[in-house]
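Enquirer: Supplied structure: data.txt, compact mmCIF, C-alpha atoms and all ligand atoms.
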# COMPACT_ATOMS: atom_id res chain seq x y z
CA MET A 1 -21.01 -55.79 -39.27
CA LEU A 2 -17.86 -55.48 -37.21
CA ILE A 3 -16.12 -52.13 -37.02
CA LYS A 4 -12.62 -52.17 -35.56
CA GLU A 5 -12.36 -49.44 -32.94
CA LYS A 6 -8.66 -48.73 -33.25
CA ASN A 7 -7.37 -46.85 -36.21
CA LEU A 8 -5.73 -43.79 -34.89
CA ILE A 9 -2.35 -44.43 -36.49
CA LEU A 10 -2.15 -43.93 -40.22
CA ASN A 11 -1.08 -47.10 -41.94
CA SER A 12 1.30 -44.99 -43.93
CA GLU A 13 3.01 -44.05 -40.67
CA ILE A 14 3.87 -47.64 -39.82
CA THR A 15 4.48 -48.89 -43.35
CA ASP A 16 6.48 -47.17 -46.05
CA LYS A 17 3.91 -45.20 -48.11
CA LYS A 18 4.79 -46.82 -51.43
CA ILE A 19 4.71 -50.35 -50.08
CA PHE A 20 1.49 -49.60 -48.23
CA THR A 21 -0.17 -48.27 -51.38
CA GLN A 22 1.09 -51.15 -53.55
CA ARG A 23 -0.06 -53.71 -51.03
CA ARG A 24 -3.50 -52.11 -50.81
CA GLN A 25 -3.67 -52.08 -54.61
CA ILE A 26 -3.10 -55.82 -54.74
CA ILE A 27 -5.65 -56.42 -52.00
CA LYS A 28 -8.10 -54.11 -53.78
CA ALA A 29 -7.66 -55.90 -57.12
CA ALA A 30 -7.99 -59.35 -55.53
CA ALA A 31 -11.09 -58.29 -53.62
CA ALA A 32 -12.64 -56.89 -56.79
CA ILE A 33 -12.15 -60.20 -58.61
CA SER A 34 -13.48 -62.37 -55.79
CA VAL A 35 -16.46 -60.13 -55.02
CA ALA A 36 -17.31 -59.70 -58.70
CA SER A 37 -17.36 -63.45 -59.23
CA LEU A 38 -19.93 -63.84 -56.45
CA LEU A 39 -22.33 -61.18 -57.60
CA PRO A 40 -24.89 -61.08 -60.38
CA SER A 41 -23.84 -58.77 -63.21
CA THR A 42 -26.72 -56.38 -62.53
CA SER A 43 -25.52 -55.55 -59.01
CA HIS A 44 -23.75 -52.33 -58.12
CA ALA A 45 -20.40 -54.09 -57.59
CA ALA A 46 -20.35 -55.22 -61.23
CA ALA A 47 -19.71 -51.65 -62.44
CA LYS A 48 -16.35 -51.04 -60.73
CA LYS A 49 -15.50 -48.09 -62.93
CA TYR A 50 -12.68 -46.97 -60.62
CA ALA A 51 -11.40 -50.36 -59.46
CA GLN A 52 -7.91 -49.40 -60.64
CA VAL A 53 -7.83 -46.11 -58.72
CA PRO A 54 -5.03 -46.37 -56.11
CA LEU A 55 -5.70 -46.25 -52.42
CA GLY A 56 -4.19 -43.00 -51.17
CA PRO A 57 -1.65 -42.84 -48.34
CA TYR A 58 -4.06 -40.88 -46.13
CA SER A 59 -6.71 -43.56 -46.27
CA SER A 60 -7.80 -45.20 -43.01
CA ASN A 61 -7.49 -48.97 -42.74
CA ILE A 62 -10.97 -49.83 -41.48
CA LYS A 63 -13.81 -52.03 -42.59
CA THR A 64 -16.19 -50.06 -44.76
CA SER A 65 -19.96 -49.82 -44.36
CA ARG A 66 -22.18 -51.63 -46.86
CA TYR A 67 -22.82 -49.69 -50.06
CA GLU A 68 -26.58 -50.16 -49.62
CA ASP A 69 -26.49 -48.48 -46.21
CA VAL A 70 -24.44 -45.52 -47.39
CA ALA A 71 -26.44 -44.97 -50.58
CA ASN A 72 -29.91 -45.34 -49.11
CA TYR A 73 -29.67 -43.36 -45.87
CA THR A 74 -28.78 -39.85 -46.91
CA ASN A 75 -29.24 -36.24 -45.88
CA TYR A 76 -30.05 -34.12 -48.92
CA TYR A 77 -32.45 -31.33 -48.00
CA GLU A 78 -32.56 -30.00 -51.58
CA PHE A 79 -34.72 -33.05 -52.28
CA THR A 80 -36.27 -34.12 -49.01
CA THR A 81 -35.75 -34.18 -45.27
CA ASN A 82 -36.48 -37.90 -45.37
CA LYS A 83 -33.35 -40.06 -45.33
CA THR A 84 -34.51 -42.80 -47.66
CA ASP A 85 -36.35 -40.87 -50.39
CA SER A 86 -33.53 -38.89 -52.00
CA THR A 87 -32.30 -42.11 -53.67
CA VAL A 88 -35.35 -41.85 -55.94
CA LEU A 89 -35.96 -38.09 -55.84
CA ALA A 90 -32.39 -37.16 -56.88
CA LYS A 91 -32.17 -39.82 -59.59
CA ASN A 92 -32.79 -37.47 -62.50
CA LEU A 93 -30.58 -34.58 -61.42
CA LYS A 94 -28.41 -33.69 -64.41
CA THR A 95 -24.81 -33.91 -63.21
CA SER A 96 -23.00 -33.74 -66.55
CA PRO A 97 -21.81 -31.45 -68.01
CA TRP A 98 -21.02 -29.63 -64.75
CA LYS A 99 -19.33 -26.30 -64.21
CA VAL A 100 -17.66 -24.87 -61.13
CA THR A 101 -17.32 -21.11 -60.68
CA VAL A 102 -14.24 -19.92 -58.81
CA GLU A 103 -14.44 -16.41 -57.33
CA GLY A 104 -12.83 -14.07 -54.85
CA GLU A 105 -9.31 -13.77 -53.50
CA ALA A 106 -7.41 -15.78 -56.09
CA GLU A 107 -5.43 -15.16 -59.24
CA LYS A 108 -7.17 -17.72 -61.40
CA VAL A 109 -10.91 -17.11 -61.18
CA GLY A 110 -13.58 -18.00 -63.72
CA ILE A 111 -15.93 -20.77 -64.74
CA PHE A 112 -14.32 -24.19 -65.12
CA ASP A 113 -15.59 -27.46 -66.56
CA LEU A 114 -15.46 -30.23 -63.97
CA GLU A 115 -13.99 -32.41 -66.72
CA ASP A 116 -10.98 -30.06 -66.94
CA ILE A 117 -10.59 -29.93 -63.16
CA LEU A 118 -10.50 -33.73 -63.17
CA LYS A 119 -7.72 -33.76 -65.77
CA ASN A 120 -5.49 -31.85 -63.34
CA ASN A 121 -6.37 -33.85 -60.27
CA PRO A 122 -5.60 -37.57 -60.35
CA LEU A 123 -8.13 -39.76 -58.55
CA GLU A 124 -7.34 -41.76 -55.46
CA GLU A 125 -9.39 -43.73 -52.97
CA ARG A 126 -9.75 -42.63 -49.35
CA ILE A 127 -11.47 -44.75 -46.77
CA TYR A 128 -12.73 -42.37 -44.10
CA ARG A 129 -14.93 -42.42 -41.06
CA PHE A 130 -17.98 -40.19 -41.50
CA ARG A 131 -19.87 -38.86 -38.45
CA CYS A 132 -23.16 -36.99 -38.79
CA VAL A 133 -24.08 -34.36 -36.18
CA GLU A 134 -27.24 -36.45 -35.64
CA ALA A 135 -25.04 -39.11 -33.97
CA TRP A 136 -24.91 -41.78 -36.66
CA SER A 137 -21.75 -42.85 -38.42
CA MET A 138 -20.40 -44.91 -41.29
CA VAL A 139 -17.12 -45.71 -43.05
CA VAL A 140 -16.99 -44.83 -46.75
CA PRO A 141 -14.45 -45.63 -49.48
CA TRP A 142 -14.54 -42.34 -51.38
CA ILE A 143 -12.99 -41.75 -54.81
CA GLY A 144 -11.73 -38.24 -55.45
CA PHE A 145 -8.76 -35.94 -54.95
CA SER A 146 -7.08 -33.64 -52.45
CA LEU A 147 -9.04 -30.43 -51.85
CA GLY A 148 -5.88 -28.45 -51.05
CA ASP A 149 -4.05 -29.56 -54.19
CA MET A 150 -7.01 -28.44 -56.29
CA LEU A 151 -7.43 -25.10 -54.50
CA LYS A 152 -3.75 -24.26 -55.02
CA GLN A 153 -4.30 -24.50 -58.79
CA PHE A 154 -6.46 -21.35 -58.54
CA LYS A 155 -3.61 -19.49 -56.82
CA PRO A 156 -5.36 -17.99 -53.78
CA ASN A 157 -3.78 -14.70 -52.64
CA SER A 158 -2.74 -13.64 -49.12
CA LYS A 159 -6.22 -12.26 -48.37
CA ALA A 160 -7.78 -15.71 -48.84
CA LYS A 161 -8.42 -16.64 -45.20
CA PHE A 162 -11.52 -18.79 -45.82
CA VAL A 163 -13.01 -20.76 -48.66
CA GLU A 164 -16.75 -21.00 -49.24
CA PHE A 165 -18.62 -23.68 -51.19
CA THR A 166 -22.11 -23.41 -52.67
CA THR A 167 -24.50 -26.12 -53.88
CA LEU A 168 -26.49 -25.86 -57.10
CA TYR A 169 -29.65 -23.78 -56.74
CA ASP A 170 -32.34 -25.12 -59.06
CA PRO A 171 -35.73 -25.53 -57.37
CA GLU A 172 -37.19 -27.17 -60.50
CA SER A 173 -34.80 -30.12 -60.31
CA MET A 174 -34.27 -29.87 -56.53
CA PRO A 175 -37.84 -29.55 -55.22
CA GLY A 176 -36.77 -29.41 -51.56
CA GLN A 177 -35.51 -25.90 -52.32
CA LYS A 178 -39.13 -24.78 -52.62
CA ALA A 179 -39.49 -25.46 -48.90
CA LYS A 180 -38.10 -23.16 -46.23
CA SER A 181 -36.09 -25.87 -44.46
CA LEU A 182 -32.89 -23.85 -45.09
CA ASP A 183 -32.05 -20.48 -46.59
CA TRP A 184 -31.03 -21.72 -50.05
CA PRO A 185 -28.61 -22.31 -51.62
CA TYR A 186 -26.73 -24.59 -49.23
CA VAL A 187 -23.43 -22.94 -48.31
CA GLU A 188 -20.50 -24.34 -46.34
CA ALA A 189 -17.02 -23.04 -45.65
CA LEU A 190 -13.64 -23.83 -44.13
CA ARG A 191 -10.77 -21.80 -42.81
CA ILE A 192 -8.08 -21.84 -45.49
CA ASP A 193 -5.64 -23.90 -43.39
CA GLU A 194 -8.38 -26.49 -42.80
CA ALA A 195 -9.09 -26.59 -46.53
CA MET A 196 -5.38 -27.06 -47.27
CA HIS A 197 -5.01 -29.92 -44.77
CA PRO A 198 -4.05 -33.14 -46.58
CA LEU A 199 -7.07 -35.01 -45.16
CA ALA A 200 -9.55 -32.55 -46.75
CA PHE A 201 -10.99 -34.26 -49.81
CA LEU A 202 -13.29 -33.68 -52.78
CA ALA A 203 -15.22 -36.78 -53.78
CA THR A 204 -16.51 -37.63 -57.23
CA GLY A 205 -17.16 -41.28 -56.48
CA MET A 206 -17.50 -43.98 -53.87
CA TYR A 207 -17.20 -47.79 -53.81
CA ASP A 208 -15.18 -47.68 -57.06
CA ASP A 209 -18.00 -46.03 -58.98
CA ASP A 210 -19.37 -42.54 -59.62
CA LEU A 211 -21.09 -40.85 -56.70
CA PRO A 212 -24.78 -41.65 -56.69
CA ASN A 213 -26.79 -38.43 -57.06
CA GLN A 214 -28.17 -38.73 -53.53
CA ASN A 215 -24.63 -38.78 -52.11
CA GLY A 216 -23.71 -35.50 -53.78
CA ALA A 217 -22.78 -36.11 -57.42
CA PRO A 218 -20.87 -34.94 -59.25
CA LEU A 219 -18.65 -33.19 -56.68
CA ARG A 220 -18.86 -33.06 -52.89
CA LEU A 221 -16.66 -32.17 -50.01
CA VAL A 222 -15.50 -34.78 -47.48
CA ILE A 223 -13.96 -33.43 -44.27
CA PRO A 224 -13.58 -36.53 -42.10
CA TRP A 225 -12.84 -34.83 -38.77
CA LYS A 226 -15.94 -32.60 -38.94
CA TYR A 227 -19.65 -33.31 -38.64
CA GLY A 228 -21.19 -34.42 -41.91
CA PHE A 229 -23.06 -31.18 -42.62
CA LYS A 230 -19.73 -29.54 -43.54
CA SER A 231 -19.41 -32.08 -46.40
CA ILE A 232 -21.46 -30.09 -48.91
CA LYS A 233 -22.88 -31.83 -51.99
CA ALA A 234 -23.25 -30.87 -55.67
CA ILE A 235 -20.76 -27.99 -55.51
CA VAL A 236 -21.11 -25.32 -58.21
CA LYS A 237 -19.15 -22.45 -56.64
CA ILE A 238 -15.92 -21.99 -54.71
CA ARG A 239 -15.15 -18.52 -53.32
CA PHE A 240 -12.00 -17.42 -51.51
CA THR A 241 -12.80 -14.79 -48.87
CA GLU A 242 -11.07 -12.62 -46.33
CA THR A 243 -13.87 -12.83 -43.76
CA MET A 244 -15.65 -15.86 -42.32
CA PRO A 245 -18.52 -16.81 -44.64
CA VAL A 246 -22.08 -17.26 -43.41
CA THR A 247 -22.92 -20.95 -43.73
CA ALA A 248 -26.37 -22.46 -44.17
CA TRP A 249 -26.76 -24.49 -40.96
CA ASN A 250 -24.99 -21.91 -38.84
CA LYS A 251 -27.34 -19.22 -40.13
CA MET A 252 -30.32 -21.46 -39.39
CA ALA A 253 -29.32 -22.32 -35.78
CA ALA A 254 -25.92 -21.02 -34.68
CA LYS A 255 -26.10 -22.60 -31.22
CA GLU A 256 -26.70 -26.04 -32.70
CA TYR A 257 -24.40 -25.98 -35.73
CA GLY A 258 -21.14 -24.14 -35.16
CA PHE A 259 -18.91 -22.94 -37.97
CA TYR A 260 -16.11 -25.32 -36.98
CA ALA A 261 -18.28 -28.39 -36.31
CA ASN A 262 -15.33 -30.56 -35.34
CA VAL A 263 -16.49 -33.96 -34.10
CA ASN A 264 -16.24 -33.66 -30.33
CA PRO A 265 -17.78 -36.08 -27.80
CA GLU A 266 -17.15 -33.51 -25.03
CA VAL A 267 -19.45 -30.86 -26.52
CA PRO A 268 -23.06 -32.05 -26.57
CA HIS A 269 -25.48 -30.79 -29.15
CA PRO A 270 -28.04 -28.66 -27.24
CA ARG A 271 -30.64 -31.40 -27.84
CA TRP A 272 -28.61 -34.63 -27.56
CA SER A 273 -25.32 -36.10 -26.38
CA GLN A 274 -22.44 -36.50 -28.82
CA SER A 275 -20.56 -39.04 -26.70
CA ARG A 276 -21.71 -42.09 -28.66
CA GLU A 277 -22.81 -42.82 -32.20
CA ARG A 278 -25.01 -45.34 -33.98
CA VAL A 279 -23.07 -47.26 -36.63
CA LEU A 280 -25.12 -47.53 -39.83
CA GLY A 281 -25.93 -51.10 -40.77
CA ALA A 282 -24.40 -52.64 -37.64
CA SER A 283 -26.02 -55.40 -35.63
CA ILE A 284 -27.75 -54.58 -32.37
CA PHE A 285 -24.61 -55.68 -30.46
CA THR A 286 -22.15 -53.50 -32.34
CA SER A 287 -24.39 -50.61 -33.34
CA LYS A 288 -23.08 -48.15 -30.72
CA ARG A 289 -19.51 -46.94 -30.53
CA LYS A 290 -17.83 -44.21 -28.58
CA THR A 291 -17.39 -41.05 -30.58
CA GLU A 292 -13.75 -40.09 -30.98
CA LYS A 293 -12.56 -36.50 -30.81
CA PHE A 294 -11.99 -35.21 -34.35
CA ASN A 295 -13.64 -38.48 -35.41
CA GLY A 296 -10.36 -40.33 -34.77
CA TYR A 297 -8.23 -37.96 -36.86
CA GLY A 298 -6.90 -35.92 -33.91
CA ASP A 299 -3.26 -36.91 -34.42
CA GLN A 300 -3.41 -35.29 -37.83
CA VAL A 301 -5.66 -32.27 -37.28
CA ALA A 302 -5.65 -31.24 -33.59
CA SER A 303 -2.77 -28.81 -34.20
CA LEU A 304 -5.08 -26.71 -36.43
CA TYR A 305 -6.97 -25.76 -33.27
CA SER A 306 -4.21 -25.67 -30.64
CA SER A 307 -4.90 -22.06 -29.68
CA MET A 308 -8.68 -22.40 -29.59
CA ASP A 309 -11.14 -23.28 -26.84
CA LEU A 310 -13.13 -25.96 -28.65
CA LYS A 311 -16.02 -25.63 -26.18
CA LYS A 312 -16.44 -22.05 -27.35
CA TYR A 313 -15.60 -22.56 -31.02
CA TYR A 314 -17.66 -25.69 -31.60
N1 LIG B 401 -25.13 -30.92 -48.85
C1 LIG B 401 -26.23 -30.38 -49.39
N2 LIG B 401 -26.09 -29.62 -50.48
N3 LIG B 401 -27.46 -30.56 -48.86
C2 LIG B 401 -27.64 -31.30 -47.72
O1 LIG B 401 -28.79 -31.42 -47.25
N4 LIG B 401 -26.58 -32.59 -45.94
C3 LIG B 401 -25.36 -32.65 -45.14
C4 LIG B 401 -24.16 -33.05 -46.01
N5 LIG B 401 -24.13 -32.28 -47.23
C5 LIG B 401 -26.50 -31.88 -47.11
C6 LIG B 401 -25.23 -31.70 -47.74
C7 LIG B 401 -25.48 -33.55 -44.02
S1 LIG B 401 -26.43 -33.01 -42.72
C8 LIG B 401 -24.83 -34.73 -43.98
S2 LIG B 401 -24.82 -35.68 -42.58
C9 LIG B 401 -24.12 -35.26 -45.13
O2 LIG B 401 -24.26 -34.42 -46.28
C10 LIG B 401 -24.67 -36.62 -45.46
O3 LIG B 401 -23.99 -37.20 -46.51
P1 LIG B 401 -24.61 -38.52 -47.16
O4 LIG B 401 -26.03 -38.22 -47.46
O5 LIG B 401 -23.80 -38.82 -48.37
O6 LIG B 401 -24.49 -39.57 -46.11
In structure tokens, what does this structure look like?
Expert:
Amino acid sequence: MLIKEKNLILNSEITDKKIFTQRRQIIKAAAAISVASLLPSTSHAAAKKYAQVPLGPYSSNIKTSRYEDVANYTNYYEFTTNKTDSTVLAKNLKTSPWKVTVEGEAEKVGIFDLEDILKNNPLEERIYRFRCVEAWSMVVPWIGFSLGDMLKQFKPNSKAKFVEFTTLYDPESMPGQKAKSLDWPYVEALRIDEAMHPLAFLATGMYDDDLPNQNGAPLRLVIPWKYGFKSIKAIVKIRFTETMPVTAWNKMAAKEYGFYANVNPEVPHPRWSQSRERVLGASIFTSKRKTEKFNGYGDQVASLYSSMDLKKYY
């Protein structure tokens, strides 16, 4: 698989947004027809539930990883620490109906049906680079909606400086929670300005279909400029807070997993270098690429951290 190195300029910056989106729509529709005609009807690509979902203006224009690689090499400690087994182990997790509790420093708090949240948040596709702290990477066409647009619907107040996300806690259906690998439930958080950044995304699907359970169905975060552990899966709670929340990986090993966790080739993990990454599914000749600061999204997000020493706040 060939991954093009250069994609630092948003396509929407060089092409009028509307034309860009329309053009991608046509390409997307044509690709769906030609790929569908080549595949047996039982294959994943035959489903194409969200084939009509428009490609959003913040999408990156890069070749995506193969579905099979993204769906069968996952990190989901609620099920297993093994990367290939959660495909089977998470299969029976009940993801519908699904409720999301909203708490804390906001006007509109309560328990909301995901179905209702979806009615207020039109779906779009975002192709994003994804970089795990373990130094592997992939490119995923997510389906979902803007995190910031959704958060604003709950009317956070002026004390809301951070937003915390929590994964479902249900050891009976998530047997990995019976182990002490993390202090359950899995919690992640963002500073409010990070959460409101237009690149911050909530995914409900990928590859034009619903999210597979092992990739975080029915609702997961996708923060493309941060290490993958920030992209929390199976979200059941969103809490606006005044103080910085304690997050699961940071609590487990603060020196290894910082709160900010911005992709940064200049700050090595204490146990390995972050300067290069292994591209999932790539051939032996193309499997290593240089890691880009902020995972290639620096033009858009570096200003969020202009006053910070990123070697200290890693
Ligand atoms: N969210 C939960 N609830 N549990 C997890 O174990 N793993 C994280 C993140 N979100 C994880 C999670 C890590 S370490 C990574 S790299 C990404 O999910 C992996 O996403 P993927 O499995 O869809 O590739």
Enquirer: Any idea what the distance is between atom O1 of ligand LIG 401 (chain B) and atom CA of Phe112 of chain A?
Expert: 24.1 Å
Enquirer: Report as a Markdown table the residues of chain A within 6 Å of ligand LIG 401 (chain B), each with its shortest atom pair and distance in Å (one decimal), using all atoms listed in the file, ordered by chain and increasing residue number.
Expert:
| residue | atom | partner | partner_atom | distance |
| --- | --- | --- | --- | --- |
| A:Thr74 | CA | B:LIG401 | O4 | 3.2 |
| A:Asn75 | CA | B:LIG401 | O4 | 4.1 |
| A:Tyr76 | CA | B:LIG401 | O1 | 3.4 |
| A:Tyr77 | CA | B:LIG401 | O1 | 3.7 |
| A:Glu78 | CA | B:LIG401 | N3 | 5.8 |
| A:Cys132 | CA | B:LIG401 | S2 | 4.3 |
| A:Thr167 | CA | B:LIG401 | N2 | 5.1 |
| A:Tyr186 | CA | B:LIG401 | N2 | 5.2 |
| A:Asn215 | CA | B:LIG401 | O5 | 3.8 |
| A:Gly228 | CA | B:LIG401 | S2 | 3.9 |
| A:Phe229 | CA | B:LIG401 | C7 | 3.7 |
| A:Ser231 | CA | B:LIG401 | N5 | 4.8 |
| A:Ile232 | CA | B:LIG401 | N1 | 3.8 |
| A:Lys233 | CA | B:LIG401 | N1 | 4.0 |
Enquirer: Could you check the closest approach to Ile62 of chain A for each of A:Glu188, A:Leu211, A:Tyr128, A:Tyr305 and tell me which residue wins, using all atoms listed in the file?
Expert: A:Tyr128
Enquirer: Please provide as a short mmCIF file (atom, residue, chain, number, x, y, z; two decimals) with C-alpha atoms, in the frame of the given file all residues within 6 Å of segment 236-253 of chain A, with the sequence filter that same-chain residues fewer than 4 positions apart are discarded (counting only C-alpha atoms).
Expert:
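around-v5.cif, freshly written:
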data_model
loop_
_atom_site.label_atom_id
_atom_site.label_comp_id
_atom_site.auth_asym_id
_atom_site.auth_seq_id
_atom_site.Cartn_x
_atom_site.Cartn_y
_atom_site.Cartn_z
CA VAL A 100 -17.66 -24.87 -61.13
CA THR A 101 -17.32 -21.11 -60.68
CA VAL A 102 -14.24 -19.92 -58.81
CA GLU A 103 -14.44 -16.41 -57.33
CA GLY A 104 -12.83 -14.07 -54.85
CA GLU A 105 -9.31 -13.77 -53.50
CA LYS A 159 -6.22 -12.26 -48.37
CA ALA A 160 -7.78 -15.71 -48.84
CA LYS A 161 -8.42 -16.64 -45.20
CA PHE A 162 -11.52 -18.79 -45.82
CA VAL A 163 -13.01 -20.76 -48.66
CA GLU A 164 -16.75 -21.00 -49.24
CA PHE A 165 -18.62 -23.68 -51.19
CA THR A 166 -22.11 -23.41 -52.67
CA THR A 167 -24.50 -26.12 -53.88
CA LEU A 168 -26.49 -25.86 -57.10
CA TYR A 186 -26.73 -24.59 -49.23
CA VAL A 187 -23.43 -22.94 -48.31
CA GLU A 188 -20.50 -24.34 -46.34
CA TYR A 257 -24.40 -25.98 -35.73
CA GLY A 258 -21.14 -24.14 -35.16
#
Enquirer: With 7 Å as the threshold, what does the neighbourhood of (-3.4, -42.9, -49.7) contain in terms of residues, counting all atoms listed in the file? Coordinates are those of the file; answer as a list in words.
Expert: Thr21, Leu55, Gly56, Pro57, Tyr58, Ser59, Glu125 and Arg126 of chain A
Enquirer: Which residues of segment 141-194 of chain A come within 12 Å of segment 85-98 of chain A, and for each one, what is the closest pair of atoms and their distance in Å to one decimal, counting all atoms listed in the file, sorted by chain and residue number, as CSV?
Expert:
residue,atom,partner,partner_atom,distance
A:Thr167,CA,A:Trp98,CA,11.9
A:Leu168,CA,A:Trp98,CA,10.1
A:Tyr169,CA,A:Leu93,CA,11.8
A:Asp170,CA,A:Leu93,CA,9.9
A:Pro171,CA,A:Leu93,CA,11.2
A:Glu172,CA,A:Leu93,CA,10.0
A:Ser173,CA,A:Leu93,CA,6.2
A:Met174,CA,A:Ala90,CA,7.5
A:Pro175,CA,A:Leu89,CA,8.8
A:Gly176,CA,A:Leu89,CA,9.7
Enquirer: What's the separation between atom CA of Val140 of chain A and atom CA of Met206 of chain A, in Å to one decimal place?
Expert: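 Taking atom CA of Val140 of chain A as the start and atom CA of Met206 of chain A as the end point, the length is 7.2 Å.
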Enquirer: Quick check, in Å to one decimal: how far apart do atom CA of Phe201 of chain A and atom CA of Gln300 of chain A lie?
Expert: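 Computing it gives 14.2 Å between the two atoms.
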Enquirer: Considering only C-alpha atoms, return as a PyMOL selection string whatever protein or nucleic-acid residues lie within 10 Å of Glu266 of chain A, sequence-local ones (same chain, fewer than 5 positions apart) excluded.
Expert: chain A and resi 273-275+291-293+310-311
Enquirer: Check the smallest atom-to-atom distance from each of A:His269, A:His197, A:Arg276, A:Lys48 to Asp210 of chain A using all atoms listed in the file, then report the winner.
Expert: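 Distance minimum relative to Asp210 of chain A lands on A:Lys48.
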Enquirer: Using only C-alpha atoms, find the one residue out of A:Asp299, A:Gly281, A:Gln52, A:Tyr314 that sits nearest to Lys255 of chain A.
Expert: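 Once distances to Lys255 of chain A are computed over only C-alpha atoms, the minimum belongs to A:Tyr314.
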Enquirer: What's around segment 144-158 of chain A at 7 Å? Count all atoms listed in the file, leave out sequence neighbours fewer than 3 positions away in its own chain, and write the answer as a CSV table (one decimal) with C-alpha atoms, keeping the file's coordinate frame.
Expert:
chain,number,residue,atom,x,y,z
A,105,GLU,CA,-9.3,-13.8,-53.5
A,106,ALA,CA,-7.4,-15.8,-56.1
A,107,GLU,CA,-5.4,-15.2,-59.2
A,108,LYS,CA,-7.2,-17.7,-61.4
A,109,VAL,CA,-10.9,-17.1,-61.2
A,121,ASN,CA,-6.4,-33.8,-60.3
A,122,PRO,CA,-5.6,-37.6,-60.4
A,123,LEU,CA,-8.1,-39.8,-58.6
A,124,GLU,CA,-7.3,-41.8,-55.5
A,125,GLU,CA,-9.4,-43.7,-53.0
A,195,ALA,CA,-9.1,-26.6,-46.5
A,196,MET,CA,-5.4,-27.1,-47.3
A,197,HIS,CA,-5.0,-29.9,-44.8
A,198,PRO,CA,-4.0,-33.1,-46.6
A,200,ALA,CA,-9.6,-32.6,-46.8
A,201,PHE,CA,-11.0,-34.3,-49.8
A,202,LEU,CA,-13.3,-33.7,-52.8
A,203,ALA,CA,-15.2,-36.8,-53.8
A,204,THR,CA,-16.5,-37.6,-57.2
A,205,GLY,CA,-17.2,-41.3,-56.5
Enquirer: Using all atoms of segment 276-286 of chain A that appear in the file, construct an axis-aligned enclosing box with 5 Å of padding on every side and provide its centre coordinates and edge lengths in Å, rounded to one decimal, as lines of an AutoDock Vina configuration file.
Expert:
center_x = -24.7
center_y = -48.9
center_z = -34.7
size_x = 16.0
size_y = 23.6
size_z = 22.1
